[in-house]
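Novice: The structure follows.
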Amino acid sequence: MIRYRLFEIWRFVAALLIMLYHFGHFAPGDGLALKNELAPLRPLLDMFFIISGFLIFARYGEQVRDARSYGIYLYKRLIRLYPLHLATLSYFVLTGLLVSVGVLRTGGEPQLYDWSALPSNLLLIQAWGVEDRLSFNFVSWSLSAEWFAYLLLPVIILAFRRAGLAGLFVLLVACYAVLELMVHTGVMPFESWVMADTWGAYRTFADFVLGACSRFSCTALP
């Protein structure tokens, strides 16, 4: 299997910078300046998702052919994604419990520990438009969005196998059109879909499709 180490490094750097930006919201004192300095780098998150789409399509584009191979693919993705998510979420849940009984104080936003949102966080669907705001480990919305894109990989593969690059391009244009329509009609409550987080799953799927388009120049599925 071909390893795209340079892309993997870019993806790691993008993820690290975005993580610092998000946690900068809760930095004390002068640490808040870090958030403002890193704000222009927010588009790196889309670069992260595009590279993820490239790498996932490169690795699983030929492997996922039926229900069994799709199940194996999802299992591999889930065991790589979910244990760390669950461990981190458990930490925030414990912290929220201690805050709620007065053992700890927090300078963060009260809605960070929104217990009604715990099921969606456990199910990794908090970035699918089911919540009004992010809660607990709020940066995990990107994991939720990636999980959504992982689930829909067969859509990307089908588009490619039916019509090659043209099929992927049509799918990409359709994704962008739907995103613009969702913003224009107010379904997605953001000024622009590139800022979406609680609705980030749909933005991420479009990025995955774009990543798959980029992969087309390197490989072809039979």
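Letters A, B, ... mark the chains of the structure tokens in the order given; residue numbers begin at 1 per chain; ligand numbers begin at 1, in order shown.
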Taking the DSSP secondary structure from the backbone, can you list the residues of segment 23-212 of chain A that are alpha helix (DSSP H), as a VMD selection string?
Specialist: chain A and resid 23 32 to 38 44 to 60 67 to 100 118 to 123 141 to 151 153 to 184 200 to 212
Novice: So that I can check the surroundings of segment 181-193 of chain A, please list as an MDAnalysis selection string every protein, DNA and RNA residue that reaches within 9 Å of it, counting only C-alpha atoms and ignoring chain neighbours fewer than 3 positions away.
Specialist: chainID A and resid 129 132 176:178 196:197 199:200 202:203
Novice: Create the file for the chosen residues now, containing N, CA, C and O atoms and written as a short mmCIF file (atom, residue, chain, number, x, y, z; two decimals), in the first residue's frame.
Specialist:
data_model
loop_
_atom_site.label_atom_id
_atom_site.label_comp_id
_atom_site.auth_asym_id
_atom_site.auth_seq_id
_atom_site.Cartn_x
_atom_site.Cartn_y
_atom_site.Cartn_z
N GLY A 129 -26.12 18.46 12.71
CA GLY A 129 -27.23 19.40 12.74
C GLY A 129 -28.28 19.08 13.77
O GLY A 129 -29.38 19.63 13.71
N ASP A 132 -27.79 22.69 18.81
CA ASP A 132 -27.69 24.12 18.55
C ASP A 132 -26.30 24.67 18.84
O ASP A 132 -25.92 25.71 18.31
N TYR A 176 -21.87 21.24 -3.02
CA TYR A 176 -21.76 22.68 -2.83
C TYR A 176 -23.11 23.37 -3.01
O TYR A 176 -23.44 24.32 -2.28
N ALA A 177 -23.88 22.91 -3.97
CA ALA A 177 -25.20 23.50 -4.21
C ALA A 177 -26.12 23.29 -3.01
O ALA A 177 -26.84 24.21 -2.59
N VAL A 178 -26.09 22.08 -2.45
CA VAL A 178 -26.92 21.79 -1.27
C VAL A 178 -26.47 22.62 -0.08
O VAL A 178 -27.30 23.16 0.67
N ALA A 196 -19.31 26.25 9.45
CA ALA A 196 -20.19 25.32 10.14
C ALA A 196 -19.41 24.38 11.05
O ALA A 196 -18.36 23.87 10.68
N ASP A 197 -19.94 24.16 12.26
CA ASP A 197 -19.37 23.15 13.15
C ASP A 197 -20.48 22.20 13.62
O ASP A 197 -20.39 21.00 13.42
N TRP A 199 -23.09 21.83 12.20
CA TRP A 199 -23.55 21.29 10.91
C TRP A 199 -22.36 20.90 10.05
O TRP A 199 -22.45 20.80 8.83
N GLY A 200 -21.23 20.67 10.69
CA GLY A 200 -19.99 20.45 9.96
C GLY A 200 -19.91 19.17 9.18
O GLY A 200 -19.04 19.02 8.31
N TYR A 202 -21.78 18.03 6.83
CA TYR A 202 -22.09 18.20 5.41
C TYR A 202 -20.96 18.94 4.69
O TYR A 202 -20.64 18.62 3.54
N ARG A 203 -20.39 19.89 5.37
CA ARG A 203 -19.19 20.57 4.85
C ARG A 203 -18.05 19.57 4.68
O ARG A 203 -17.33 19.58 3.68
#
Novice: Give me, please, the distance in Å between atom CA of Ala117 of chain A and atom CA of Phe138 of chain A, quoted to one decimal.
Specialist: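 A separation of 11.1 Å between them.
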Novice: I'd like the contact shell of Ala206 of chain A - 10 Å cut-off, only C-alpha atoms, skipping same-chain residues fewer than 6 positions apart - returned as a PDB file with N, CA and C atoms, in the first residue's frame.
Specialist:
ATOM      1  N   ASP A  46     -10.400  22.637   6.631  1.00  0.00           N
ATOM      2  CA  ASP A  46     -10.893  22.056   5.382  1.00  0.00           C
ATOM      3  C   ASP A  46      -9.767  21.327   4.649  1.00  0.00           C
ATOM      4  N   PHE A  49      -9.644  17.922   6.127  1.00  0.00           N
ATOM      5  CA  PHE A  49     -10.695  17.033   5.645  1.00  0.00           C
ATOM      6  C   PHE A  49     -10.450  16.616   4.193  1.00  0.00           C
ATOM      7  N   ILE A  50      -9.957  17.535   3.381  1.00  0.00           N
ATOM      8  CA  ILE A  50      -9.672  17.199   1.977  1.00  0.00           C
ATOM      9  C   ILE A  50      -8.592  16.132   1.892  1.00  0.00           C
ATOM     10  N   GLY A  53     -10.032  12.862   2.913  1.00  0.00           N
ATOM     11  CA  GLY A  53     -10.786  12.259   1.818  1.00  0.00           C
ATOM     12  C   GLY A  53      -9.881  11.627   0.784  1.00  0.00           C
ATOM     13  N   ALA A 149     -18.684  11.371   7.083  1.00  0.00           N
ATOM     14  CA  ALA A 149     -18.071  11.185   5.761  1.00  0.00           C
ATOM     15  C   ALA A 149     -17.635   9.740   5.558  1.00  0.00           C
ATOM     16  N   LEU A 171     -20.950  15.095  -8.278  1.00  0.00           N
ATOM     17  CA  LEU A 171     -21.250  14.937  -6.858  1.00  0.00           C
ATOM     18  C   LEU A 171     -20.735  16.131  -6.062  1.00  0.00           C
ATOM     19  N   LEU A 172     -19.549  16.609  -6.405  1.00  0.00           N
ATOM     20  CA  LEU A 172     -18.967  17.756  -5.702  1.00  0.00           C
ATOM     21  C   LEU A 172     -19.819  19.008  -5.904  1.00  0.00           C
ATOM     22  N   VAL A 173     -20.220  19.261  -7.143  1.00  0.00           N
ATOM     23  CA  VAL A 173     -21.064  20.427  -7.436  1.00  0.00           C
ATOM     24  C   VAL A 173     -22.398  20.313  -6.701  1.00  0.00           C
ATOM     25  N   ALA A 174     -22.956  19.097  -6.654  1.00  0.00           N
ATOM     26  CA  ALA A 174     -24.214  18.885  -5.946  1.00  0.00           C
ATOM     27  C   ALA A 174     -24.053  19.172  -4.456  1.00  0.00           C
ATOM     28  N   CYS A 175     -22.925  18.762  -3.890  1.00  0.00           N
ATOM     29  CA  CYS A 175     -22.662  19.018  -2.467  1.00  0.00           C
ATOM     30  C   CYS A 175     -22.609  20.510  -2.183  1.00  0.00           C
ATOM     31  N   TYR A 176     -21.871  21.237  -3.022  1.00  0.00           N
ATOM     32  CA  TYR A 176     -21.760  22.683  -2.828  1.00  0.00           C
ATOM     33  C   TYR A 176     -23.109  23.369  -3.010  1.00  0.00           C
ATOM     34  N   VAL A 178     -26.093  22.081  -2.451  1.00  0.00           N
ATOM     35  CA  VAL A 178     -26.917  21.790  -1.273  1.00  0.00           C
ATOM     36  C   VAL A 178     -26.466  22.621  -0.082  1.00  0.00           C
ATOM     37  N   LEU A 179     -25.161  22.756   0.107  1.00  0.00           N
ATOM     38  CA  LEU A 179     -24.648  23.573   1.209  1.00  0.00           C
ATOM     39  C   LEU A 179     -25.098  25.025   1.074  1.00  0.00           C
ATOM     40  N   ALA A 212     -11.285  13.119  -2.950  1.00  0.00           N
ATOM     41  CA  ALA A 212     -11.374  11.990  -3.881  1.00  0.00           C
ATOM     42  C   ALA A 212     -11.101  12.441  -5.307  1.00  0.00           C
TER      43      ALA A 212
END
Novice: So that I can see what lies close to Tyr73 of chain A, please list as a PDB file with C-alpha atoms, in the first residue's frame the residues with an atom at most 9 Å from it, counting only C-alpha atoms and leaving out residues fewer than 2 positions away in the same chain.
Specialist:
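For reference, selection.pdb as written:
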ATOM      1  CA  TYR A  60     -10.433   1.968   0.625  1.00  0.00           C
ATOM      2  CA  GLN A  63     -11.483  -2.435  -1.115  1.00  0.00           C
ATOM      3  CA  VAL A  64     -15.090  -1.431  -0.408  1.00  0.00           C
ATOM      4  CA  ARG A  68     -18.928  -7.245   4.090  1.00  0.00           C
ATOM      5  CA  SER A  69     -16.000  -5.113   2.945  1.00  0.00           C
ATOM      6  CA  TYR A  70     -17.939  -1.983   3.900  1.00  0.00           C
ATOM      7  CA  GLY A  71     -18.485  -3.409   7.396  1.00  0.00           C
ATOM      8  CA  TYR A  75     -15.000  -1.323  11.923  1.00  0.00           C
ATOM      9  CA  LYS A  76     -11.406  -0.260  11.251  1.00  0.00           C
ATOM     10  CA  ARG A  77     -12.409   3.388  11.186  1.00  0.00           C
ATOM     11  CA  LEU A  78     -14.463   3.096  14.360  1.00  0.00           C
ATOM     12  CA  TYR A 150     -16.769   7.685   6.520  1.00  0.00           C
TER      13      TYR A 150
END
Novice: Nearest residue to Ser100 of chain A out of A:Leu74, A:Leu112, A:Ile56, A:Leu84, using only C-alpha atoms?
Specialist: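 Ranked by minimum distance to Ser100 of chain A, first place goes to A:Leu112.
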Novice: Please, what distance in Å, to one decimal, runs between atom CA of Arg105 of chain A and atom CA of Asn121 of chain A?
Specialist: 22.6 Å
Novice: In terms of the shortest atom-to-atom distance over only C-alpha atoms, which of A:Gly211, A:Gly102, A:Pro119, A:Pro154 is closest to Glu62 of chain A?
Specialist: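 Among the listed residues, A:Pro154 lies closest to Glu62 of chain A.
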